[in-house]
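K.L.:
Dumping the structure here so I can ask a few things about it.
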Amino acid sequence: MTGTGVPSGAPPGGPTALEHVITVLRRRKWWIIQAVVIVAAVVGVVTSQQQKQYTATASLLFRDQTANLLSSAGSSDPTFQQATDTSLVALPAVAARAAPIAGAGYTGSEIAAAVSVAPSSNGAVTQISAKSASPTAAATMANAYGDAYIAFRAALDRSQIQSAINALSHSFAALPPGQRAGLVGNSIRTQLGTLQLANSLVDGDAALVQAASAPTSPSSPRLARNIVLAVILGLILGLSLAFIRERFDQRARTPEELEQLYGIPLLGRIPRLRRRSHDSNGTLRPGTREMEAFRTLRANLRYFGANRQLRSILVSSPMRHDGKSTIARCLAMTMAAMGDSVVLVQVDMHDGGAPPRNGSGPSPGLSTVLEGMPLDGALY
(Lines give C-alpha, C1' and ligand atoms only; values in the text may rest on other atoms or scores of the structure.)
Protein backbone atom coordinates (compact mmCIF):
# COMPACT_ATOMS: atom_id res chain seq x y z
CA MET A 1 0.00 0.00 0.00
CA THR A 2 1.37 3.38 -0.94
CA GLY A 3 0.01 6.87 -0.42
CA THR A 4 0.52 10.21 -2.10
CA GLY A 5 3.08 12.13 -0.14
CA VAL A 6 4.57 9.05 1.50
CA PRO A 7 8.34 9.25 1.20
CA SER A 8 9.95 6.25 -0.37
CA GLY A 9 13.14 4.77 0.89
CA ALA A 10 15.07 1.63 0.10
CA PRO A 11 14.95 -0.89 2.89
CA PRO A 12 18.17 -1.94 4.53
CA GLY A 13 20.43 -4.44 2.77
CA GLY A 14 18.83 -7.51 1.25
CA PRO A 15 19.07 -11.02 2.61
CA THR A 16 22.46 -12.67 2.97
CA ALA A 17 23.46 -15.69 0.92
CA LEU A 18 22.72 -18.01 3.85
CA GLU A 19 19.30 -16.45 4.39
CA HIS A 20 18.57 -16.83 0.67
CA VAL A 21 19.53 -20.52 0.77
CA ILE A 22 17.37 -21.12 3.85
CA THR A 23 14.45 -19.34 2.19
CA VAL A 24 14.77 -21.44 -0.96
CA LEU A 25 14.99 -24.65 1.07
CA ARG A 26 11.90 -23.72 3.07
CA ARG A 27 9.93 -22.59 0.04
CA ARG A 28 10.90 -25.46 -2.28
CA LYS A 29 11.17 -28.24 0.30
CA TRP A 30 8.52 -30.37 -1.38
CA TRP A 31 10.44 -30.26 -4.67
CA ILE A 32 13.51 -31.56 -2.85
CA ILE A 33 11.60 -34.21 -0.91
CA GLN A 34 9.81 -35.44 -4.03
CA ALA A 35 13.09 -35.66 -5.97
CA VAL A 36 14.73 -37.69 -3.20
CA VAL A 37 11.74 -40.03 -2.82
CA ILE A 38 11.27 -40.58 -6.57
CA VAL A 39 14.95 -41.23 -7.31
CA ALA A 40 15.32 -43.54 -4.29
CA ALA A 41 12.14 -45.44 -5.22
CA VAL A 42 13.21 -45.90 -8.85
CA VAL A 43 16.67 -47.09 -7.83
CA GLY A 44 15.17 -49.40 -5.21
CA VAL A 45 12.77 -51.00 -7.71
CA VAL A 46 15.47 -51.40 -10.36
CA THR A 47 17.93 -52.84 -7.83
CA SER A 48 15.42 -55.30 -6.42
CA GLN A 49 14.70 -56.62 -9.92
CA GLN A 50 18.36 -57.27 -10.73
CA GLN A 51 19.67 -60.83 -10.51
CA LYS A 52 21.74 -61.56 -7.42
CA GLN A 53 25.42 -62.17 -8.00
CA TYR A 54 27.82 -63.97 -5.63
CA THR A 55 31.58 -63.43 -5.49
CA ALA A 56 34.07 -66.04 -4.26
CA THR A 57 37.76 -65.24 -3.80
CA ALA A 58 40.84 -67.46 -3.71
CA SER A 59 44.35 -66.32 -2.73
CA LEU A 60 47.37 -67.28 -4.84
CA LEU A 61 50.93 -66.95 -3.46
CA PHE A 62 53.92 -66.51 -5.82
CA ARG A 63 57.39 -67.88 -4.95
CA ASP A 64 59.36 -67.42 -8.22
CA GLN A 65 61.98 -70.06 -7.40
CA THR A 66 62.39 -71.06 -11.03
CA ALA A 67 63.00 -67.47 -12.09
CA ASN A 68 65.76 -67.15 -9.52
CA LEU A 69 67.27 -70.47 -10.60
CA LEU A 70 67.37 -69.46 -14.29
CA SER A 71 68.64 -65.93 -13.60
CA SER A 72 72.25 -65.54 -14.60
CA ALA A 73 72.90 -63.41 -11.52
CA GLY A 74 71.29 -65.90 -9.19
CA SER A 75 68.34 -63.55 -8.47
CA SER A 76 65.71 -61.67 -10.50
CA ASP A 77 64.26 -58.17 -10.39
CA PRO A 78 61.27 -58.42 -7.95
CA THR A 79 59.30 -55.60 -9.58
CA PHE A 80 59.69 -57.10 -13.04
CA GLN A 81 58.83 -60.56 -11.80
CA GLN A 82 55.70 -59.34 -9.99
CA ALA A 83 54.46 -57.65 -13.16
CA THR A 84 55.19 -60.85 -15.09
CA ASP A 85 53.30 -63.01 -12.61
CA THR A 86 50.26 -60.70 -12.69
CA SER A 87 50.23 -60.71 -16.48
CA LEU A 88 50.50 -64.50 -16.62
CA VAL A 89 47.58 -65.00 -14.24
CA ALA A 90 45.31 -62.89 -16.48
CA LEU A 91 46.14 -64.75 -19.71
CA PRO A 92 43.16 -66.30 -21.60
CA ALA A 93 45.09 -69.58 -21.74
CA VAL A 94 44.63 -69.91 -17.97
CA ALA A 95 40.84 -69.65 -18.33
CA ALA A 96 40.92 -72.27 -21.09
CA ARG A 97 42.84 -74.64 -18.76
CA ALA A 98 40.39 -73.92 -15.93
CA ALA A 99 37.33 -75.11 -17.87
CA PRO A 100 38.07 -78.87 -17.72
CA ILE A 101 39.25 -78.52 -14.10
CA ALA A 102 35.95 -76.88 -13.11
CA GLY A 103 34.00 -79.73 -14.69
CA ALA A 104 31.32 -80.22 -17.29
CA GLY A 105 29.15 -77.25 -18.12
CA TYR A 106 31.90 -74.63 -17.89
CA THR A 107 33.63 -73.01 -20.84
CA GLY A 108 36.81 -71.02 -21.05
CA SER A 109 34.98 -67.89 -22.19
CA GLU A 110 32.48 -68.18 -19.34
CA ILE A 111 35.28 -68.46 -16.78
CA ALA A 112 37.25 -65.63 -18.37
CA ALA A 113 34.18 -63.36 -18.15
CA ALA A 114 33.47 -64.30 -14.53
CA VAL A 115 37.01 -64.13 -13.10
CA SER A 116 38.95 -61.00 -12.15
CA VAL A 117 42.53 -60.83 -10.85
CA ALA A 118 43.66 -58.23 -8.33
CA PRO A 119 47.29 -58.23 -7.08
CA SER A 120 48.03 -57.15 -3.52
CA SER A 121 50.13 -54.11 -2.66
CA ASN A 122 53.36 -56.13 -2.39
CA GLY A 123 52.56 -58.32 -5.40
CA ALA A 124 53.34 -61.61 -3.62
CA VAL A 125 49.69 -62.55 -3.19
CA THR A 126 47.04 -62.27 -5.89
CA GLN A 127 43.31 -62.40 -5.29
CA ILE A 128 41.33 -64.44 -7.81
CA SER A 129 37.64 -63.48 -7.66
CA ALA A 130 34.83 -65.19 -9.58
CA LYS A 131 31.30 -63.80 -9.86
CA SER A 132 28.26 -65.92 -10.64
CA ALA A 133 24.55 -66.17 -9.96
CA SER A 134 25.34 -69.39 -8.03
CA PRO A 135 27.58 -69.20 -4.94
CA THR A 136 28.82 -72.74 -5.54
CA ALA A 137 29.69 -71.98 -9.16
CA ALA A 138 31.58 -68.85 -8.10
CA ALA A 139 33.75 -70.84 -5.66
CA THR A 140 34.29 -73.63 -8.21
CA MET A 141 35.46 -71.25 -10.92
CA ALA A 142 37.80 -69.31 -8.56
CA ASN A 143 39.50 -72.49 -7.31
CA ALA A 144 39.66 -74.03 -10.79
CA TYR A 145 41.28 -70.84 -12.11
CA GLY A 146 43.90 -70.94 -9.35
CA ASP A 147 44.69 -74.60 -10.00
CA ALA A 148 44.81 -73.94 -13.75
CA TYR A 149 47.32 -71.15 -13.27
CA ILE A 150 49.57 -73.39 -11.14
CA ALA A 151 49.46 -76.10 -13.83
CA PHE A 152 50.02 -73.53 -16.58
CA ARG A 153 52.96 -71.99 -14.74
CA ALA A 154 54.46 -75.43 -14.00
CA ALA A 155 54.34 -76.35 -17.69
CA LEU A 156 55.90 -73.00 -18.57
CA ASP A 157 58.67 -73.45 -15.98
CA ARG A 158 59.43 -76.99 -17.18
CA SER A 159 59.70 -75.67 -20.70
CA GLN A 160 62.15 -72.99 -19.58
CA ILE A 161 64.21 -75.44 -17.53
CA GLN A 162 64.27 -77.95 -20.36
CA SER A 163 65.46 -75.24 -22.73
CA ALA A 164 68.28 -74.41 -20.29
CA ILE A 165 69.17 -78.14 -19.98
CA ASN A 166 69.29 -78.49 -23.77
CA ALA A 167 71.52 -75.42 -24.06
CA LEU A 168 73.95 -76.69 -21.38
CA SER A 169 73.99 -80.18 -22.91
CA HIS A 170 74.83 -78.68 -26.29
CA SER A 171 77.61 -76.62 -24.69
CA PHE A 172 79.00 -79.69 -22.90
CA ALA A 173 78.97 -81.73 -26.12
CA ALA A 174 80.82 -78.94 -27.91
CA LEU A 175 83.74 -79.02 -25.42
CA PRO A 176 86.93 -80.76 -26.45
CA PRO A 177 87.39 -84.16 -24.77
CA GLY A 178 90.20 -82.79 -22.66
CA GLN A 179 88.03 -80.00 -21.16
CA ARG A 180 85.05 -82.18 -20.27
CA ALA A 181 86.88 -83.52 -17.26
CA GLY A 182 88.21 -80.08 -16.37
CA LEU A 183 86.74 -77.15 -14.46
CA VAL A 184 84.48 -76.04 -17.30
CA GLY A 185 83.05 -79.50 -17.83
CA ASN A 186 82.53 -80.06 -14.10
CA SER A 187 80.71 -76.68 -13.82
CA ILE A 188 78.39 -77.57 -16.70
CA ARG A 189 77.66 -80.99 -15.20
CA THR A 190 76.85 -79.38 -11.84
CA GLN A 191 74.44 -76.94 -13.46
CA LEU A 192 72.83 -79.75 -15.45
CA GLY A 193 72.29 -81.74 -12.28
CA THR A 194 70.72 -78.76 -10.53
CA LEU A 195 68.39 -78.07 -13.44
CA GLN A 196 67.37 -81.72 -13.77
CA LEU A 197 66.57 -81.83 -10.05
CA ALA A 198 64.58 -78.59 -10.31
CA ASN A 199 62.72 -79.97 -13.33
CA SER A 200 61.52 -82.90 -11.27
CA LEU A 201 60.40 -80.63 -8.43
CA VAL A 202 58.62 -77.93 -10.45
CA ASP A 203 55.30 -76.94 -8.82
CA GLY A 204 54.45 -73.81 -10.75
CA ASP A 205 56.16 -71.48 -8.25
CA ALA A 206 52.74 -70.72 -6.82
CA ALA A 207 50.37 -72.13 -4.23
CA LEU A 208 46.68 -71.71 -3.57
CA VAL A 209 47.13 -70.56 0.03
CA GLN A 210 43.40 -69.91 0.57
CA ALA A 211 40.77 -71.74 -1.44
CA ALA A 212 37.52 -70.00 -2.25
CA SER A 213 34.40 -71.03 -0.37
CA ALA A 214 30.80 -70.56 -1.44
CA PRO A 215 29.64 -67.10 -0.24
CA THR A 216 26.56 -66.91 1.95
CA SER A 217 25.41 -63.44 0.86
CA PRO A 218 25.29 -61.79 -2.58
CA SER A 219 27.90 -59.22 -3.54
CA SER A 220 25.49 -57.46 -5.89
CA PRO A 221 23.12 -55.81 -6.20
CA ARG A 222 23.84 -53.88 -3.01
CA LEU A 223 20.46 -52.44 -2.14
CA ALA A 224 21.51 -50.40 0.90
CA ARG A 225 24.46 -48.80 -0.90
CA ASN A 226 22.37 -48.04 -3.98
CA ILE A 227 19.61 -46.46 -1.87
CA VAL A 228 22.14 -44.24 -0.08
CA LEU A 229 23.64 -43.15 -3.40
CA ALA A 230 20.13 -42.59 -4.78
CA VAL A 231 19.24 -40.37 -1.82
CA ILE A 232 22.39 -38.31 -2.40
CA LEU A 233 21.65 -38.08 -6.13
CA GLY A 234 18.02 -37.17 -5.46
CA LEU A 235 19.09 -34.51 -2.98
CA ILE A 236 21.46 -32.98 -5.54
CA LEU A 237 18.75 -33.14 -8.22
CA GLY A 238 16.13 -31.66 -5.90
CA LEU A 239 18.38 -28.81 -4.82
CA SER A 240 19.26 -28.07 -8.44
CA LEU A 241 15.59 -27.99 -9.45
CA ALA A 242 14.71 -25.87 -6.43
CA PHE A 243 17.31 -23.20 -7.17
CA ILE A 244 16.53 -23.24 -10.91
CA ARG A 245 12.83 -22.83 -10.15
CA GLU A 246 13.61 -20.05 -7.70
CA ARG A 247 15.82 -18.33 -10.25
CA PHE A 248 13.04 -18.11 -12.86
CA ASP A 249 10.15 -17.52 -10.45
CA GLN A 250 9.51 -13.78 -10.50
CA ARG A 251 6.64 -13.78 -8.00
CA ALA A 252 6.98 -11.82 -4.76
CA ARG A 253 5.87 -14.04 -1.89
CA THR A 254 6.73 -12.09 1.25
CA PRO A 255 6.40 -8.46 2.38
CA GLU A 256 10.18 -8.29 2.67
CA GLU A 257 10.50 -9.21 -1.01
CA LEU A 258 8.08 -6.43 -1.91
CA GLU A 259 10.14 -3.92 0.09
CA GLN A 260 13.32 -5.04 -1.62
CA LEU A 261 11.69 -5.11 -5.06
CA TYR A 262 10.06 -1.66 -4.97
CA GLY A 263 12.40 0.11 -2.55
CA ILE A 264 9.54 1.42 -0.38
CA PRO A 265 8.77 0.76 3.28
CA LEU A 266 6.05 -1.59 4.47
CA LEU A 267 3.28 0.36 6.21
CA GLY A 268 1.13 -2.49 7.48
CA ARG A 269 0.10 -6.10 7.29
CA ILE A 270 -3.63 -6.75 7.02
CA PRO A 271 -4.77 -10.27 7.94
CA ARG A 272 -7.56 -12.05 6.09
CA LEU A 273 -10.85 -10.74 7.44
CA ARG A 274 -12.89 -13.22 9.46
CA ARG A 275 -16.66 -13.22 9.58
CA ARG A 276 -16.76 -12.55 13.30
CA SER A 277 -14.46 -9.53 12.91
CA HIS A 278 -17.18 -7.30 11.38
CA ASP A 279 -20.94 -6.86 11.53
CA SER A 280 -23.51 -7.13 8.73
CA ASN A 281 -22.76 -3.57 7.54
CA GLY A 282 -19.06 -4.33 7.16
CA THR A 283 -18.00 -2.31 10.23
CA LEU A 284 -15.02 -3.80 12.05
CA ARG A 285 -15.65 -4.83 15.64
CA PRO A 286 -13.45 -3.12 18.24
CA GLY A 287 -10.66 -5.21 19.78
CA THR A 288 -10.28 -7.61 16.87
CA ARG A 289 -6.90 -8.19 15.30
CA GLU A 290 -8.21 -6.80 12.02
CA MET A 291 -9.20 -3.53 13.70
CA GLU A 292 -5.77 -3.30 15.33
CA ALA A 293 -4.10 -3.90 11.97
CA PHE A 294 -5.99 -1.00 10.40
CA ARG A 295 -5.24 1.22 13.41
CA THR A 296 -1.54 0.41 12.94
CA LEU A 297 -1.81 1.21 9.24
CA ARG A 298 -3.48 4.56 9.97
CA ALA A 299 -0.79 5.42 12.54
CA ASN A 300 1.99 4.58 10.07
CA LEU A 301 0.35 6.70 7.40
CA ARG A 302 0.28 9.68 9.74
CA TYR A 303 3.91 9.03 10.76
CA PHE A 304 5.21 8.89 7.18
CA GLY A 305 3.15 11.95 6.33
CA ALA A 306 4.37 13.99 9.28
CA ASN A 307 6.33 16.42 7.09
CA ARG A 308 3.30 17.21 4.93
CA GLN A 309 -0.45 17.00 5.15
CA LEU A 310 -1.68 13.64 3.88
CA ARG A 311 -4.77 14.42 1.83
CA SER A 312 -5.22 11.40 -0.48
CA ILE A 313 -4.49 7.70 -0.36
CA LEU A 314 -4.64 5.34 -3.34
CA VAL A 315 -5.51 1.70 -2.74
CA SER A 316 -4.65 -0.42 -5.77
CA SER A 317 -3.57 -3.93 -6.79
CA PRO A 318 -2.51 -5.69 -10.01
CA MET A 319 -5.38 -8.21 -10.07
CA ARG A 320 -9.14 -8.19 -9.58
CA HIS A 321 -10.63 -9.38 -6.31
CA ASP A 322 -7.43 -8.72 -4.36
CA GLY A 323 -9.37 -6.87 -1.67
CA LYS A 324 -8.96 -3.25 -2.76
CA SER A 325 -12.54 -2.27 -1.88
CA THR A 326 -12.43 -4.06 1.46
CA ILE A 327 -9.13 -2.45 2.43
CA ALA A 328 -10.28 1.01 1.36
CA ARG A 329 -13.62 0.69 3.18
CA CYS A 330 -12.14 -0.64 6.42
CA LEU A 331 -9.34 1.91 6.40
CA ALA A 332 -11.84 4.72 5.83
CA MET A 333 -14.03 3.48 8.70
CA THR A 334 -11.03 3.19 11.00
CA MET A 335 -9.77 6.67 10.19
CA ALA A 336 -13.26 8.13 10.64
CA ALA A 337 -13.64 6.35 13.99
CA MET A 338 -10.32 7.89 15.09
CA GLY A 339 -11.47 11.41 14.26
CA ASP A 340 -10.32 11.92 10.65
CA SER A 341 -12.55 13.44 8.00
CA VAL A 342 -12.69 10.81 5.25
CA VAL A 343 -14.26 10.62 1.81
CA LEU A 344 -14.19 7.14 0.25
CA VAL A 345 -14.19 7.25 -3.55
CA GLN A 346 -14.72 4.07 -5.56
CA VAL A 347 -13.20 4.52 -9.03
CA ASP A 348 -13.65 1.00 -10.41
CA MET A 349 -16.37 1.56 -13.02
CA HIS A 350 -16.60 -2.14 -13.88
CA ASP A 351 -17.00 -3.52 -10.37
CA GLY A 352 -18.48 -1.12 -7.88
CA GLY A 353 -17.66 -2.01 -4.33
CA ALA A 354 -18.85 0.91 -2.21
CA PRO A 355 -20.72 -0.10 0.92
CA PRO A 356 -24.49 0.40 0.95
CA ARG A 357 -25.97 3.35 2.81
CA ASN A 358 -27.80 2.10 5.92
CA GLY A 359 -28.31 -1.23 4.16
CA SER A 360 -30.94 0.27 1.89
CA GLY A 361 -29.23 -0.37 -1.43
CA PRO A 362 -26.24 0.76 -3.44
CA SER A 363 -24.71 4.05 -2.35
CA PRO A 364 -24.13 6.89 -4.79
CA GLY A 365 -20.66 6.76 -6.19
CA LEU A 366 -18.31 8.56 -8.51
CA SER A 367 -20.37 7.75 -11.58
CA THR A 368 -23.49 9.37 -10.12
CA VAL A 369 -21.55 12.51 -9.26
CA LEU A 370 -20.18 12.60 -12.79
CA GLU A 371 -23.75 12.29 -14.07
CA GLY A 372 -24.72 15.48 -12.24
CA MET A 373 -25.57 14.51 -8.67
CA PRO A 374 -24.42 17.18 -6.19
CA LEU A 375 -21.30 16.19 -4.29
CA ASP A 376 -22.89 16.81 -0.91
CA GLY A 377 -25.62 14.35 -1.78
CA ALA A 378 -23.09 11.60 -2.41
CA LEU A 379 -21.23 12.12 0.87
CA TYR A 380 -22.40 10.49 4.09
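Note on naming: chains are A, B, ... as they come in the C-alpha coordinates, residues start from 1 per chain, ligands start from 1 in the order shown.
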Just list the residues in region 16-237 of chain A DSSP gives alpha helix (DSSP H) on the backbone, as a PyMOL selection string.
P.N.:
chain A and resi 17-27+29-49+65-70+78-89+92-102+108-114+135-174+177-180+183-201+223-237
K.L.:
Could you write out, as number ranges by chain, all the residues of region 104-182 of chain A that DSSP marks as strand (DSSP E or B)?
P.N.:
A: 115-119, 125-132
K.L.:
Which is closer to Trp30 (chain A) than all the others in A:Leu344, A:Leu258, A:Met333, A:Ala242, using only C-alpha atoms?
P.N.:
A:Ala242
K.L.:
I'd like the neighbourhood of region 128-132 of chain A as a list in words, where a residue qualifies if any of its atoms comes within 6 Å (using only C-alpha atoms), though same-chain residues fewer than 2 positions away should be ignored.
P.N.:
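Result of the neighbour search: Gln53, Tyr54, Thr55, Ala56, Thr57, Ala58, Ala114, Val115, Ser116, Val117, Ser134, Ala138 and Ala142 of chain A.
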K.L.:
Export, as a short mmCIF file (atom, residue, chain, number, x, y, z; two decimals), in the first residue's frame, the selected residues with N, CA, C and O atoms.
P.N.:
```cif
data_model
loop_
_atom_site.label_atom_id
_atom_site.label_comp_id
_atom_site.auth_asym_id
_atom_site.auth_seq_id
_atom_site.Cartn_x
_atom_site.Cartn_y
_atom_site.Cartn_z
N GLN A 53 24.13 -61.64 -7.61
CA GLN A 53 25.42 -62.17 -8.00
C GLN A 53 26.25 -62.44 -6.75
O GLN A 53 26.23 -61.65 -5.79
N TYR A 54 26.98 -63.58 -6.77
CA TYR A 54 27.82 -63.97 -5.63
C TYR A 54 29.28 -63.95 -6.08
O TYR A 54 29.60 -64.33 -7.20
N THR A 55 30.15 -63.51 -5.19
CA THR A 55 31.58 -63.43 -5.49
C THR A 55 32.36 -64.29 -4.52
O THR A 55 32.22 -64.14 -3.29
N ALA A 56 33.17 -65.20 -5.06
CA ALA A 56 34.07 -66.04 -4.26
C ALA A 56 35.50 -65.68 -4.61
O ALA A 56 35.82 -65.42 -5.77
N THR A 57 36.38 -65.68 -3.60
CA THR A 57 37.76 -65.24 -3.80
C THR A 57 38.74 -66.28 -3.28
O THR A 57 38.58 -66.79 -2.16
N ALA A 58 39.73 -66.58 -4.11
CA ALA A 58 40.84 -67.46 -3.71
C ALA A 58 42.13 -66.66 -3.73
O ALA A 58 42.29 -65.72 -4.51
N ALA A 114 33.88 -64.33 -15.93
CA ALA A 114 33.47 -64.30 -14.53
C ALA A 114 34.61 -63.98 -13.59
O ALA A 114 34.38 -63.50 -12.47
N VAL A 115 35.87 -64.25 -14.01
CA VAL A 115 37.01 -64.13 -13.10
C VAL A 115 37.71 -62.79 -13.28
O VAL A 115 37.87 -62.29 -14.39
N SER A 116 38.12 -62.21 -12.16
CA SER A 116 38.95 -61.00 -12.15
C SER A 116 40.13 -61.24 -11.24
O SER A 116 40.03 -61.95 -10.23
N VAL A 117 41.28 -60.65 -11.60
CA VAL A 117 42.53 -60.83 -10.85
C VAL A 117 42.95 -59.49 -10.30
O VAL A 117 43.03 -58.50 -11.02
N SER A 134 25.34 -68.28 -8.99
CA SER A 134 25.34 -69.39 -8.03
C SER A 134 26.57 -69.28 -7.13
O SER A 134 27.69 -69.15 -7.64
N ALA A 138 30.55 -69.88 -8.28
CA ALA A 138 31.58 -68.85 -8.10
C ALA A 138 32.81 -69.43 -7.42
O ALA A 138 33.95 -69.19 -7.84
N ALA A 142 36.62 -69.96 -9.15
CA ALA A 142 37.80 -69.31 -8.56
C ALA A 142 38.88 -70.33 -8.25
O ALA A 142 40.07 -70.11 -8.54
#
```
K.L.:
Out of A:Ile327, A:Val45, A:Ala102, A:Leu197, which residue has the shortest atom-to-atom distance to Leu314 (chain A) when counting only C-alpha atoms?
P.N.:
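Looking only at the distances to Leu314 (chain A), the closest residue turns out to be A:Ile327.
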K.L.:
Write out, as a Markdown table, each residue of region 10-63 of chain A that has an atom at most 10 Å from region 219-230 of chain A, together with the closest pair of atoms and their distance in Å to one decimal, counting only C-alpha atoms, rows going by chain and rising number.
P.N.:
```
| residue | atom | partner | partner_atom | distance |
| --- | --- | --- | --- | --- |
| A:Ala35 | CA | A:Ala230 | CA | 10.0 |
| A:Val36 | CA | A:Ala230 | CA | 7.5 |
| A:Val37 | CA | A:Ala230 | CA | 9.0 |
| A:Ile38 | CA | A:Ala230 | CA | 9.3 |
| A:Val39 | CA | A:Ala230 | CA | 5.9 |
| A:Ala40 | CA | A:Ala230 | CA | 4.9 |
| A:Ala41 | CA | A:Ile227 | CA | 8.3 |
| A:Val42 | CA | A:Ala230 | CA | 8.7 |
| A:Val43 | CA | A:Ala230 | CA | 6.4 |
| A:Gly44 | CA | A:Ile227 | CA | 6.3 |
| A:Val45 | CA | A:Leu223 | CA | 9.6 |
| A:Val46 | CA | A:Leu223 | CA | 9.7 |
| A:Thr47 | CA | A:Pro221 | CA | 6.2 |
| A:Ser48 | CA | A:Leu223 | CA | 7.2 |
| A:Gln49 | CA | A:Pro221 | CA | 9.2 |
| A:Gln50 | CA | A:Pro221 | CA | 6.7 |
| A:Gln51 | CA | A:Pro221 | CA | 7.5 |
| A:Lys52 | CA | A:Ser220 | CA | 5.8 |
| A:Gln53 | CA | A:Ser220 | CA | 5.2 |
| A:Tyr54 | CA | A:Ser219 | CA | 5.2 |
| A:Thr55 | CA | A:Ser219 | CA | 5.9 |
| A:Ala56 | CA | A:Ser219 | CA | 9.2 |
```
K.L.:
Please provide as a PyMOL selection string all residues within 10 Å of Thr368 (chain A), with the sequence filter that same-chain residues fewer than 5 positions apart are discarded (counting only C-alpha atoms).
P.N.:
chain A and resi 363+373-375+377-378
K.L.:
To one decimal in Å, tell me the separation between CA of Leu273 (chain A) and CA of Asn300 (chain A).
P.N.:
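Separating CA of Leu273 (chain A) from CA of Asn300 (chain A) is a distance of 20.2 Å.
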